[in-house]
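Asker: My structure is in target_33.csv, and what it holds is CSV, N, CA, C and O atoms:
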```
chain,number,residue,atom,x,y,z
Q,149,SER,N,123.8,116.9,164.2
Q,149,SER,CA,124.6,117.6,165.1
Q,149,SER,C,125.8,118.1,164.4
Q,149,SER,O,126.3,117.6,163.4
Q,150,PRO,N,126.5,119.2,164.9
Q,150,PRO,CA,127.6,119.8,164.2
Q,150,PRO,C,128.9,118.9,164.2
Q,150,PRO,O,129.8,119.2,163.5
Q,151,ASP,N,128.9,117.9,165.0
Q,151,ASP,CA,130.1,117.0,165.0
Q,151,ASP,C,129.9,115.7,164.2
Q,151,ASP,O,130.6,114.8,164.4
Q,152,GLU,N,128.9,115.7,163.3
Q,152,GLU,CA,128.6,114.6,162.5
Q,152,GLU,C,128.5,115.0,161.0
Q,152,GLU,O,128.2,116.1,160.7
Q,153,ALA,N,128.8,114.0,160.2
Q,153,ALA,CA,128.6,114.2,158.7
Q,153,ALA,C,128.1,112.9,158.2
Q,153,ALA,O,128.1,111.9,158.9
Q,154,TRP,N,127.7,112.9,156.9
Q,154,TRP,CA,127.2,111.7,156.3
Q,154,TRP,C,128.1,111.3,155.2
Q,154,TRP,O,128.7,112.2,154.5
Q,155,SER,N,128.3,110.0,154.9
Q,155,SER,CA,129.1,109.5,153.8
Q,155,SER,C,128.3,108.6,153.0
Q,155,SER,O,127.5,107.8,153.5
Q,156,CYS,N,128.5,108.6,151.7
Q,156,CYS,CA,127.8,107.7,150.8
Q,156,CYS,C,128.8,107.2,149.7
Q,156,CYS,O,129.6,107.9,149.2
Q,157,ASP,N,128.7,105.8,149.5
Q,157,ASP,CA,129.5,105.2,148.5
Q,157,ASP,C,129.1,105.9,147.2
Q,157,ASP,O,128.0,106.2,147.0
Q,158,GLY,N,130.0,105.9,146.2
Q,158,GLY,CA,129.7,106.5,144.9
Q,158,GLY,C,128.8,105.5,144.1
Q,158,GLY,O,128.7,104.3,144.3
Q,159,PHE,N,128.2,106.1,143.0
Q,159,PHE,CA,127.5,105.3,142.1
Q,159,PHE,C,128.2,105.4,140.7
Q,159,PHE,O,128.6,106.5,140.4
Q,160,ALA,N,128.1,104.3,140.0
Q,160,ALA,CA,128.7,104.4,138.6
Q,160,ALA,C,127.6,105.0,137.7
Q,160,ALA,O,126.4,104.7,137.9
Q,161,PRO,N,127.9,105.9,136.8
Q,161,PRO,CA,126.9,106.3,135.8
Q,161,PRO,C,126.4,105.2,135.0
Q,161,PRO,O,127.0,104.1,134.9
Q,162,PRO,N,125.3,105.4,134.3
Q,162,PRO,CA,124.7,104.3,133.4
Q,162,PRO,C,125.8,103.9,132.4
Q,162,PRO,O,126.5,104.7,131.8
Q,163,GLY,N,125.9,102.6,132.3
Q,163,GLY,CA,127.0,102.1,131.4
Q,163,GLY,C,128.4,102.2,132.0
Q,163,GLY,O,129.3,101.9,131.3
Q,164,ALA,N,128.4,102.6,133.3
Q,164,ALA,CA,129.7,102.7,134.0
Q,164,ALA,C,130.7,103.6,133.3
Q,164,ALA,O,131.9,103.3,133.3
Q,165,ARG,N,130.2,104.6,132.6
Q,165,ARG,CA,131.1,105.5,131.9
Q,165,ARG,C,130.6,107.0,132.0
Q,165,ARG,O,129.5,107.3,131.8
Q,166,VAL,N,131.6,107.8,132.4
Q,166,VAL,CA,131.3,109.3,132.5
Q,166,VAL,C,131.3,109.8,131.1
Q,166,VAL,O,132.3,109.7,130.4
Q,167,VAL,N,130.2,110.4,130.7
Q,167,VAL,CA,130.1,111.0,129.4
Q,167,VAL,C,130.3,112.5,129.4
Q,167,VAL,O,131.1,113.1,128.6
Q,168,ASP,N,129.7,113.2,130.4
Q,168,ASP,CA,129.8,114.6,130.5
Q,168,ASP,C,129.5,115.0,132.0
Q,168,ASP,O,128.3,114.8,132.4
Q,169,SER,N,130.5,115.5,132.7
Q,169,SER,CA,130.2,115.8,134.1
Q,169,SER,C,129.5,117.1,134.4
Q,169,SER,O,129.1,117.4,135.5
Q,170,VAL,N,129.4,117.9,133.3
Q,170,VAL,CA,128.7,119.2,133.5
Q,170,VAL,C,127.3,119.0,133.9
Q,170,VAL,O,126.5,118.2,133.3
Q,171,GLY,N,126.9,119.6,135.0
Q,171,GLY,CA,125.5,119.5,135.5
Q,171,GLY,C,125.3,118.4,136.6
Q,171,GLY,O,124.3,118.4,137.2
Q,172,ALA,N,126.4,117.6,136.8
Q,172,ALA,CA,126.2,116.5,137.8
Q,172,ALA,C,126.0,117.1,139.2
Q,172,ALA,O,125.2,116.6,140.0
Q,173,GLY,N,126.7,118.2,139.5
Q,173,GLY,CA,126.6,118.8,140.8
Q,173,GLY,C,125.2,119.4,141.0
Q,173,GLY,O,124.6,119.4,142.1
Q,174,ASP,N,124.7,120.0,139.9
Q,174,ASP,CA,123.4,120.6,139.9
Q,174,ASP,C,122.3,119.5,140.1
Q,174,ASP,O,121.4,119.7,140.9
Q,175,GLY,N,122.5,118.4,139.4
Q,175,GLY,CA,121.6,117.3,139.6
Q,175,GLY,C,121.6,116.7,141.0
Q,175,GLY,O,120.6,116.4,141.6
Q,176,PHE,N,122.8,116.6,141.6
Q,176,PHE,CA,122.9,116.2,142.9
Q,176,PHE,C,122.2,117.1,143.9
Q,176,PHE,O,121.4,116.6,144.7
Q,177,LEU,N,122.4,118.4,143.8
Q,177,LEU,CA,121.7,119.4,144.7
Q,177,LEU,C,120.2,119.3,144.5
Q,177,LEU,O,119.5,119.4,145.5
Q,178,ALA,N,119.7,119.3,143.3
Q,178,ALA,CA,118.3,119.3,143.0
Q,178,ALA,C,117.7,118.0,143.6
Q,178,ALA,O,116.6,118.1,144.3
Q,179,ALA,N,118.3,116.9,143.5
Q,179,ALA,CA,117.7,115.6,144.1
Q,179,ALA,C,117.8,115.7,145.6
Q,179,ALA,O,116.9,115.2,146.3
Q,180,PHE,N,118.9,116.2,146.1
Q,180,PHE,CA,119.1,116.3,147.6
Q,180,PHE,C,118.0,117.2,148.2
Q,180,PHE,O,117.4,116.8,149.2
Q,181,LEU,N,117.8,118.3,147.6
Q,181,LEU,CA,116.8,119.3,148.1
Q,181,LEU,C,115.4,118.7,147.9
Q,181,LEU,O,114.5,118.8,148.8
Q,182,ALA,N,115.1,118.1,146.8
Q,182,ALA,CA,113.8,117.5,146.6
Q,182,ALA,C,113.5,116.4,147.6
Q,182,ALA,O,112.4,116.4,148.2
Q,183,ALA,N,114.4,115.5,147.9
Q,183,ALA,CA,114.2,114.5,148.9
Q,183,ALA,C,114.0,115.1,150.3
Q,183,ALA,O,113.2,114.7,151.1
Q,184,THR,N,114.8,116.1,150.6
Q,184,THR,CA,114.7,116.8,151.9
Q,184,THR,C,113.3,117.5,152.0
Q,184,THR,O,112.6,117.3,153.1
Q,185,LEU,N,112.9,118.2,151.0
Q,185,LEU,CA,111.6,118.9,151.0
Q,185,LEU,C,110.4,117.9,151.1
Q,185,LEU,O,109.3,118.2,151.5
Q,186,GLN,N,110.6,116.7,150.6
Q,186,GLN,CA,109.6,115.6,150.6
Q,186,GLN,C,109.6,114.8,151.9
Q,186,GLN,O,108.9,113.8,152.1
Q,187,GLY,N,110.4,115.3,152.9
Q,187,GLY,CA,110.5,114.7,154.2
Q,187,GLY,C,111.5,113.5,154.3
Q,187,GLY,O,111.4,112.8,155.4
Q,188,GLY,N,112.4,113.3,153.4
Q,188,GLY,CA,113.4,112.3,153.5
Q,188,GLY,C,114.4,112.6,154.5
Q,188,GLY,O,114.6,113.7,154.9
Q,189,SER,N,115.0,111.5,155.1
Q,189,SER,CA,116.1,111.7,156.0
Q,189,SER,C,117.3,112.2,155.3
Q,189,SER,O,117.4,112.3,154.1
Q,190,SER,N,118.3,112.6,156.1
Q,190,SER,CA,119.6,113.1,155.6
Q,190,SER,C,120.2,112.0,154.7
Q,190,SER,O,120.8,112.3,153.6
Q,191,ALA,N,120.2,110.8,155.2
Q,191,ALA,CA,120.7,109.6,154.4
Q,191,ALA,C,120.0,109.4,153.1
Q,191,ALA,O,120.6,109.2,152.1
Q,192,GLU,N,118.7,109.5,153.1
Q,192,GLU,CA,117.9,109.4,151.9
Q,192,GLU,C,118.2,110.5,150.9
Q,192,GLU,O,118.3,110.2,149.7
Q,193,ALA,N,118.3,111.7,151.4
Q,193,ALA,CA,118.6,112.8,150.5
Q,193,ALA,C,120.0,112.7,149.9
Q,193,ALA,O,120.1,113.0,148.7
Q,194,LEU,N,120.9,112.3,150.7
Q,194,LEU,CA,122.3,112.1,150.2
Q,194,LEU,C,122.3,111.0,149.1
Q,194,LEU,O,122.9,111.2,148.0
Q,195,GLU,N,121.6,109.9,149.4
Q,195,GLU,CA,121.5,108.8,148.4
Q,195,GLU,C,120.9,109.3,147.1
Q,195,GLU,O,121.4,109.0,146.0
Q,196,ALA,N,119.8,110.0,147.2
Q,196,ALA,CA,119.1,110.5,146.0
Q,196,ALA,C,120.0,111.5,145.2
Q,196,ALA,O,120.1,111.4,144.0
Q,197,GLY,N,120.7,112.3,145.9
Q,197,GLY,CA,121.6,113.2,145.2
Q,197,GLY,C,122.7,112.5,144.5
Q,197,GLY,O,123.1,112.8,143.4
Q,198,CYS,N,123.3,111.5,145.1
Q,198,CYS,CA,124.4,110.7,144.5
Q,198,CYS,C,123.9,110.0,143.3
Q,198,CYS,O,124.6,109.9,142.3
Q,199,ARG,N,122.7,109.4,143.4
Q,199,ARG,CA,122.1,108.6,142.2
Q,199,ARG,C,121.9,109.6,141.0
Q,199,ARG,O,122.3,109.2,139.9
Q,200,VAL,N,121.3,110.7,141.3
Q,200,VAL,CA,121.0,111.6,140.2
Q,200,VAL,C,122.3,112.2,139.6
Q,200,VAL,O,122.4,112.4,138.4
Q,201,GLY,N,123.2,112.6,140.5
Q,201,GLY,CA,124.5,113.1,140.0
Q,201,GLY,C,125.2,112.2,139.1
Q,201,GLY,O,125.7,112.5,138.0
Q,202,ALA,N,125.2,110.9,139.5
Q,202,ALA,CA,125.8,109.8,138.6
Q,202,ALA,C,125.1,109.7,137.3
Q,202,ALA,O,125.7,109.6,136.3
Q,203,PHE,N,123.7,109.7,137.4
Q,203,PHE,CA,122.9,109.6,136.1
Q,203,PHE,C,123.3,110.8,135.2
Q,203,PHE,O,123.5,110.5,134.0
Q,204,VAL,N,123.4,112.0,135.7
Q,204,VAL,CA,123.7,113.2,134.8
Q,204,VAL,C,125.1,113.0,134.2
Q,204,VAL,O,125.3,113.3,133.1
Q,205,ALA,N,126.0,112.5,135.0
Q,205,ALA,CA,127.4,112.4,134.5
Q,205,ALA,C,127.5,111.4,133.4
Q,205,ALA,O,128.4,111.4,132.6
Q,206,GLY,N,126.5,110.4,133.3
Q,206,GLY,CA,126.5,109.4,132.3
Q,206,GLY,C,125.8,109.8,131.1
Q,206,GLY,O,125.6,109.0,130.1
Q,207,GLN,N,125.3,111.1,131.0
Q,207,GLN,CA,124.5,111.5,129.8
Q,207,GLN,C,125.3,112.7,129.2
Q,207,GLN,O,126.1,113.3,129.8
Q,208,SER,N,124.9,112.9,127.9
Q,208,SER,CA,125.5,114.1,127.2
Q,208,SER,C,124.7,115.3,127.5
Q,208,SER,O,123.5,115.3,127.5
Q,209,GLY,N,125.4,116.4,127.8
Q,209,GLY,CA,124.8,117.7,128.1
Q,209,GLY,C,124.5,117.9,129.6
Q,209,GLY,O,124.5,117.0,130.4
Q,210,ALA,N,124.3,119.1,129.9
Q,210,ALA,CA,124.1,119.5,131.3
Q,210,ALA,C,122.7,119.2,131.9
Q,210,ALA,O,122.5,119.2,133.1
Q,211,THR,N,121.7,119.1,131.0
Q,211,THR,CA,120.4,118.9,131.5
Q,211,THR,C,119.7,117.8,130.8
Q,211,THR,O,118.7,118.0,130.0
Q,212,PRO,N,120.1,116.5,131.0
Q,212,PRO,CA,119.4,115.4,130.3
Q,212,PRO,C,118.0,115.2,130.9
Q,212,PRO,O,117.8,115.5,132.0
Q,213,THR,N,117.2,114.7,130.1
Q,213,THR,CA,115.8,114.4,130.5
Q,213,THR,C,115.8,113.2,131.5
Q,213,THR,O,116.5,112.2,131.2
Q,214,LEU,N,115.1,113.2,132.6
Q,214,LEU,CA,115.0,112.1,133.5
Q,214,LEU,C,113.5,111.9,133.7
Q,214,LEU,O,112.9,112.7,134.4
Q,215,ASP,N,113.0,110.8,133.1
Q,215,ASP,CA,111.5,110.6,133.2
Q,215,ASP,C,111.3,109.6,134.4
Q,215,ASP,O,112.2,109.1,135.1
Q,216,ASP,N,110.0,109.4,134.7
Q,216,ASP,CA,109.6,108.6,135.8
Q,216,ASP,C,110.2,107.2,135.8
Q,216,ASP,O,110.5,106.6,136.8
Q,217,ALA,N,110.2,106.6,134.6
Q,217,ALA,CA,110.8,105.2,134.5
Q,217,ALA,C,112.3,105.2,134.8
Q,217,ALA,O,112.8,104.3,135.5
Q,218,GLN,N,113.0,106.3,134.4
Q,218,GLN,CA,114.4,106.3,134.8
Q,218,GLN,C,114.6,106.6,136.3
Q,218,GLN,O,115.5,106.0,136.9
Q,219,ILE,N,113.7,107.4,136.9
Q,219,ILE,CA,113.8,107.6,138.3
Q,219,ILE,C,113.6,106.3,139.1
Q,219,ILE,O,114.3,106.0,140.0
Q,220,ALA,N,112.6,105.5,138.6
Q,220,ALA,CA,112.3,104.2,139.2
Q,220,ALA,C,113.5,103.3,139.1
Q,220,ALA,O,113.9,102.6,140.0
Q,221,ALA,N,114.2,103.3,137.9
Q,221,ALA,CA,115.3,102.5,137.7
Q,221,ALA,C,116.5,102.9,138.6
Q,221,ALA,O,117.2,102.0,139.1
Q,222,LEU,N,116.7,104.2,138.8
Q,222,LEU,CA,117.7,104.7,139.7
Q,222,LEU,C,117.5,104.2,141.1
Q,222,LEU,O,118.4,103.8,141.8
Q,223,ALA,N,116.2,104.2,141.5
Q,223,ALA,CA,115.9,103.8,142.9
Q,223,ALA,C,116.0,102.3,143.1
Q,223,ALA,O,116.2,101.9,144.2
Q,224,ALA,N,115.9,101.6,142.0
Q,224,ALA,CA,116.0,100.1,142.1
Q,224,ALA,C,117.4,99.6,142.1
Q,224,ALA,O,117.6,98.4,142.4
Q,225,ASN,N,118.4,100.4,141.8
Q,225,ASN,CA,119.8,100.0,141.8
Q,225,ASN,C,120.2,99.5,143.2
Q,225,ASN,O,119.5,99.8,144.2
Q,226,SER,N,121.3,98.8,143.2
Q,226,SER,CA,121.8,98.4,144.5
Q,226,SER,C,122.0,99.5,145.5
Q,226,SER,O,122.3,100.6,145.1
Q,227,GLN,N,121.8,99.2,146.8
Q,227,GLN,CA,121.8,100.2,147.8
Q,227,GLN,C,123.3,100.5,148.1
Q,227,GLN,O,124.1,99.6,148.4
Q,228,PRO,N,123.6,101.8,148.2
Q,228,PRO,CA,125.0,102.1,148.6
Q,228,PRO,C,125.1,102.1,150.1
Q,228,PRO,O,124.1,102.0,150.8
Q,229,ALA,N,126.3,102.1,150.6
Q,229,ALA,CA,126.5,102.3,152.0
Q,229,ALA,C,126.4,103.7,152.4
Q,229,ALA,O,127.3,104.5,152.0
Q,230,VAL,N,125.4,104.1,153.1
Q,230,VAL,CA,125.2,105.5,153.6
Q,230,VAL,C,125.3,105.4,155.1
Q,230,VAL,O,124.6,104.6,155.8
Q,231,GLU,N,126.3,106.2,155.6
Q,231,GLU,CA,126.5,106.1,157.1
Q,231,GLU,C,126.8,107.4,157.7
Q,231,GLU,O,127.3,108.3,157.0
Q,232,ARG,N,126.5,107.5,159.0
Q,232,ARG,CA,126.8,108.7,159.7
Q,232,ARG,C,128.3,108.6,160.2
Q,232,ARG,O,128.7,107.5,160.7
Q,233,VAL,N,129.0,109.7,160.1
Q,233,VAL,CA,130.4,109.7,160.5
Q,233,VAL,C,130.6,110.7,161.6
Q,233,VAL,O,130.2,111.8,161.4
Q,234,ARG,N,131.2,110.3,162.7
Q,234,ARG,CA,131.5,111.3,163.8
Q,234,ARG,C,132.8,112.0,163.4
Q,234,ARG,O,133.8,111.5,163.0
Q,235,LEU,N,132.7,113.3,163.5
Q,235,LEU,CA,133.8,114.2,163.1
Q,235,LEU,C,134.7,114.5,164.3
Q,235,LEU,O,135.9,114.8,164.1
Q,236,THR,N,134.2,114.3,165.5
Q,236,THR,CA,135.0,114.5,166.7
Q,236,THR,C,134.9,113.3,167.6
Q,236,THR,O,133.9,112.6,167.5
Q,237,GLU,N,135.8,113.2,168.5
Q,237,GLU,CA,135.8,112.0,169.4
Q,237,GLU,C,135.4,112.5,170.8
Q,237,GLU,O,135.7,113.6,171.2
```
Starting from the file, lay out its structure as C-alpha cells.
Answerer:
Amino acid sequence: SPDEAWSCDGFAPPGARVVDSVGAGDGFLAAFLAATLQGGSSAEALEAGCRVGAFVAGQSGATPTLDDAQIAALAANSQPAVERVRLTE
C-alpha cells in the first residue's frame, strides 16, 4: 500500500569490514529484483538485497564473484529484523 514501507536492519560485510563500496547498490538491486522475480515477498527481497549489498561492500572491486556456496552462507547468517513500517497514521 502507498502508506507503508519496509525496514531492514543492516548486515556487516564479511569480516565486518567495508573494503570497497563500489557496486554494493548494484548488488542490492540485482538480489532484490531476483528475489522478487522468483516470487519472494517484499520482506524476502529486501533481506536478499541487504545481504548481497553487504557482501559486495566487503570485497575488492565492483563485481566480485558470488558462487552457490557463498550464497548459501549469506542465507544462513542470522536473520535481520525486517518489518513493515506505516508511513501515515
Asker: Which one of Q:Ala221, Q:Val170, Q:Ala164, Q:Leu177 sits closest to Cys198 (chain Q) if you count only C-alpha atoms?
Answerer: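 For Cys198 (chain Q), the nearest of the given residues is Q:Leu177.
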Asker: Q:Val166, Q:Ala191, Q:Ala205, Q:Ala196: which is nearest Ala178 (chain Q), counting all atoms listed in the file?
Answerer: Q:Ala196
Asker: For the alpha helix (DSSP H) assignment from backbone DSSP, which residues of region 176-223 of chain Q qualify? Please present them as a PyMOL selection string.
Answerer: chain Q and resi 176-185+190-205+216-223
Asker: For the residues in that selection, give me N, CA, C and O atoms as a CSV table (one decimal), in the frame of the given file.
Answerer:
```csv
chain,number,residue,atom,x,y,z
Q,176,PHE,N,122.8,116.6,141.6
Q,176,PHE,CA,122.9,116.2,142.9
Q,176,PHE,C,122.2,117.1,143.9
Q,176,PHE,O,121.4,116.6,144.7
Q,177,LEU,N,122.4,118.4,143.8
Q,177,LEU,CA,121.7,119.4,144.7
Q,177,LEU,C,120.2,119.3,144.5
Q,177,LEU,O,119.5,119.4,145.5
Q,178,ALA,N,119.7,119.3,143.3
Q,178,ALA,CA,118.3,119.3,143.0
Q,178,ALA,C,117.7,118.0,143.6
Q,178,ALA,O,116.6,118.1,144.3
Q,179,ALA,N,118.3,116.9,143.5
Q,179,ALA,CA,117.7,115.6,144.1
Q,179,ALA,C,117.8,115.7,145.6
Q,179,ALA,O,116.9,115.2,146.3
Q,180,PHE,N,118.9,116.2,146.1
Q,180,PHE,CA,119.1,116.3,147.6
Q,180,PHE,C,118.0,117.2,148.2
Q,180,PHE,O,117.4,116.8,149.2
Q,181,LEU,N,117.8,118.3,147.6
Q,181,LEU,CA,116.8,119.3,148.1
Q,181,LEU,C,115.4,118.7,147.9
Q,181,LEU,O,114.5,118.8,148.8
Q,182,ALA,N,115.1,118.1,146.8
Q,182,ALA,CA,113.8,117.5,146.6
Q,182,ALA,C,113.5,116.4,147.6
Q,182,ALA,O,112.4,116.4,148.2
Q,183,ALA,N,114.4,115.5,147.9
Q,183,ALA,CA,114.2,114.5,148.9
Q,183,ALA,C,114.0,115.1,150.3
Q,183,ALA,O,113.2,114.7,151.1
Q,184,THR,N,114.8,116.1,150.6
Q,184,THR,CA,114.7,116.8,151.9
Q,184,THR,C,113.3,117.5,152.0
Q,184,THR,O,112.6,117.3,153.1
Q,185,LEU,N,112.9,118.2,151.0
Q,185,LEU,CA,111.6,118.9,151.0
Q,185,LEU,C,110.4,117.9,151.1
Q,185,LEU,O,109.3,118.2,151.5
Q,190,SER,N,118.3,112.6,156.1
Q,190,SER,CA,119.6,113.1,155.6
Q,190,SER,C,120.2,112.0,154.7
Q,190,SER,O,120.8,112.3,153.6
Q,191,ALA,N,120.2,110.8,155.2
Q,191,ALA,CA,120.7,109.6,154.4
Q,191,ALA,C,120.0,109.4,153.1
Q,191,ALA,O,120.6,109.2,152.1
Q,192,GLU,N,118.7,109.5,153.1
Q,192,GLU,CA,117.9,109.4,151.9
Q,192,GLU,C,118.2,110.5,150.9
Q,192,GLU,O,118.3,110.2,149.7
Q,193,ALA,N,118.3,111.7,151.4
Q,193,ALA,CA,118.6,112.8,150.5
Q,193,ALA,C,120.0,112.7,149.9
Q,193,ALA,O,120.1,113.0,148.7
Q,194,LEU,N,120.9,112.3,150.7
Q,194,LEU,CA,122.3,112.1,150.2
Q,194,LEU,C,122.3,111.0,149.1
Q,194,LEU,O,122.9,111.2,148.0
Q,195,GLU,N,121.6,109.9,149.4
Q,195,GLU,CA,121.5,108.8,148.4
Q,195,GLU,C,120.9,109.3,147.1
Q,195,GLU,O,121.4,109.0,146.0
Q,196,ALA,N,119.8,110.0,147.2
Q,196,ALA,CA,119.1,110.5,146.0
Q,196,ALA,C,120.0,111.5,145.2
Q,196,ALA,O,120.1,111.4,144.0
Q,197,GLY,N,120.7,112.3,145.9
Q,197,GLY,CA,121.6,113.2,145.2
Q,197,GLY,C,122.7,112.5,144.5
Q,197,GLY,O,123.1,112.8,143.4
Q,198,CYS,N,123.3,111.5,145.1
Q,198,CYS,CA,124.4,110.7,144.5
Q,198,CYS,C,123.9,110.0,143.3
Q,198,CYS,O,124.6,109.9,142.3
Q,199,ARG,N,122.7,109.4,143.4
Q,199,ARG,CA,122.1,108.6,142.2
Q,199,ARG,C,121.9,109.6,141.0
Q,199,ARG,O,122.3,109.2,139.9
Q,200,VAL,N,121.3,110.7,141.3
Q,200,VAL,CA,121.0,111.6,140.2
Q,200,VAL,C,122.3,112.2,139.6
Q,200,VAL,O,122.4,112.4,138.4
Q,201,GLY,N,123.2,112.6,140.5
Q,201,GLY,CA,124.5,113.1,140.0
Q,201,GLY,C,125.2,112.2,139.1
Q,201,GLY,O,125.7,112.5,138.0
Q,202,ALA,N,125.2,110.9,139.5
Q,202,ALA,CA,125.8,109.8,138.6
Q,202,ALA,C,125.1,109.7,137.3
Q,202,ALA,O,125.7,109.6,136.3
Q,203,PHE,N,123.7,109.7,137.4
Q,203,PHE,CA,122.9,109.6,136.1
Q,203,PHE,C,123.3,110.8,135.2
Q,203,PHE,O,123.5,110.5,134.0
Q,204,VAL,N,123.4,112.0,135.7
Q,204,VAL,CA,123.7,113.2,134.8
Q,204,VAL,C,125.1,113.0,134.2
Q,204,VAL,O,125.3,113.3,133.1
Q,205,ALA,N,126.0,112.5,135.0
Q,205,ALA,CA,127.4,112.4,134.5
Q,205,ALA,C,127.5,111.4,133.4
Q,205,ALA,O,128.4,111.4,132.6
Q,216,ASP,N,110.0,109.4,134.7
Q,216,ASP,CA,109.6,108.6,135.8
Q,216,ASP,C,110.2,107.2,135.8
Q,216,ASP,O,110.5,106.6,136.8
Q,217,ALA,N,110.2,106.6,134.6
Q,217,ALA,CA,110.8,105.2,134.5
Q,217,ALA,C,112.3,105.2,134.8
Q,217,ALA,O,112.8,104.3,135.5
Q,218,GLN,N,113.0,106.3,134.4
Q,218,GLN,CA,114.4,106.3,134.8
Q,218,GLN,C,114.6,106.6,136.3
Q,218,GLN,O,115.5,106.0,136.9
Q,219,ILE,N,113.7,107.4,136.9
Q,219,ILE,CA,113.8,107.6,138.3
Q,219,ILE,C,113.6,106.3,139.1
Q,219,ILE,O,114.3,106.0,140.0
Q,220,ALA,N,112.6,105.5,138.6
Q,220,ALA,CA,112.3,104.2,139.2
Q,220,ALA,C,113.5,103.3,139.1
Q,220,ALA,O,113.9,102.6,140.0
Q,221,ALA,N,114.2,103.3,137.9
Q,221,ALA,CA,115.3,102.5,137.7
Q,221,ALA,C,116.5,102.9,138.6
Q,221,ALA,O,117.2,102.0,139.1
Q,222,LEU,N,116.7,104.2,138.8
Q,222,LEU,CA,117.7,104.7,139.7
Q,222,LEU,C,117.5,104.2,141.1
Q,222,LEU,O,118.4,103.8,141.8
Q,223,ALA,N,116.2,104.2,141.5
Q,223,ALA,CA,115.9,103.8,142.9
Q,223,ALA,C,116.0,102.3,143.1
Q,223,ALA,O,116.2,101.9,144.2
```
Asker: Expressed in Å to a single decimal, how great is the separation between CA of Phe180 (chain Q) and CA of Gly206 (chain Q)?
Answerer: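 Straight-line distance from CA of Phe180 (chain Q) to CA of Gly206 (chain Q) works out to 18.3 Å.
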Asker: So what do you get for CA of Leu185 (chain Q) versus CA of Val204 (chain Q), distance-wise?
Answerer: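 Separating CA of Leu185 (chain Q) from CA of Val204 (chain Q) is a distance of 21.0 Å.
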Asker: Contacts of Leu181 (chain Q) at 8 Å or less, counting only N, CA, C and O atoms, minus same-chain residues fewer than 6 places along, as a PyMOL selection string?
Answerer: chain Q and resi 174-175+187-188+193-194+196-197
Asker: Print the selection's residues with N, CA, C and O atoms to a file, as an mmCIF file, in the coordinates of the input.
Answerer:
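Wrote it out as out_12.cif, contents follow:
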```cif
data_model
loop_
_atom_site.group_PDB
_atom_site.id
_atom_site.type_symbol
_atom_site.label_atom_id
_atom_site.label_comp_id
_atom_site.auth_asym_id
_atom_site.auth_seq_id
_atom_site.Cartn_x
_atom_site.Cartn_y
_atom_site.Cartn_z
ATOM 1 N N ASP Q 174 124.700 120.000 139.900
ATOM 2 C CA ASP Q 174 123.400 120.600 139.900
ATOM 3 C C ASP Q 174 122.300 119.500 140.100
ATOM 4 O O ASP Q 174 121.400 119.700 140.900
ATOM 5 N N GLY Q 175 122.500 118.400 139.400
ATOM 6 C CA GLY Q 175 121.600 117.300 139.600
ATOM 7 C C GLY Q 175 121.600 116.700 141.000
ATOM 8 O O GLY Q 175 120.600 116.400 141.600
ATOM 9 N N GLY Q 187 110.400 115.300 152.900
ATOM 10 C CA GLY Q 187 110.500 114.700 154.200
ATOM 11 C C GLY Q 187 111.500 113.500 154.300
ATOM 12 O O GLY Q 187 111.400 112.800 155.400
ATOM 13 N N GLY Q 188 112.400 113.300 153.400
ATOM 14 C CA GLY Q 188 113.400 112.300 153.500
ATOM 15 C C GLY Q 188 114.400 112.600 154.500
ATOM 16 O O GLY Q 188 114.600 113.700 154.900
ATOM 17 N N ALA Q 193 118.300 111.700 151.400
ATOM 18 C CA ALA Q 193 118.600 112.800 150.500
ATOM 19 C C ALA Q 193 120.000 112.700 149.900
ATOM 20 O O ALA Q 193 120.100 113.000 148.700
ATOM 21 N N LEU Q 194 120.900 112.300 150.700
ATOM 22 C CA LEU Q 194 122.300 112.100 150.200
ATOM 23 C C LEU Q 194 122.300 111.000 149.100
ATOM 24 O O LEU Q 194 122.900 111.200 148.000
ATOM 25 N N ALA Q 196 119.800 110.000 147.200
ATOM 26 C CA ALA Q 196 119.100 110.500 146.000
ATOM 27 C C ALA Q 196 120.000 111.500 145.200
ATOM 28 O O ALA Q 196 120.100 111.400 144.000
ATOM 29 N N GLY Q 197 120.700 112.300 145.900
ATOM 30 C CA GLY Q 197 121.600 113.200 145.200
ATOM 31 C C GLY Q 197 122.700 112.500 144.500
ATOM 32 O O GLY Q 197 123.100 112.800 143.400
#
```
Asker: Ranking Q:Ser169, Q:Ala179, Q:Trp154, Q:Phe159 by minimum distance to Gln207 (chain Q) and counting all atoms listed in the file, which one comes first?
Answerer: Q:Ser169
Asker: Mind giving me the straight-line distance from CA of Asp168 (chain Q) to CA of Ala210 (chain Q) in Å, one decimal?
Answerer: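 Computed distance, CA of Asp168 (chain Q) to CA of Ala210 (chain Q), equals 7.6 Å.
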Asker: Measuring between only C-alpha atoms, which one of Q:Ala183, Q:Gly201, Q:Asp216, Q:Ser190 shows the shortest distance to Pro162 (chain Q)?
Answerer: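 Using only C-alpha atoms, the shortest distance to Pro162 (chain Q) belongs to Q:Gly201.
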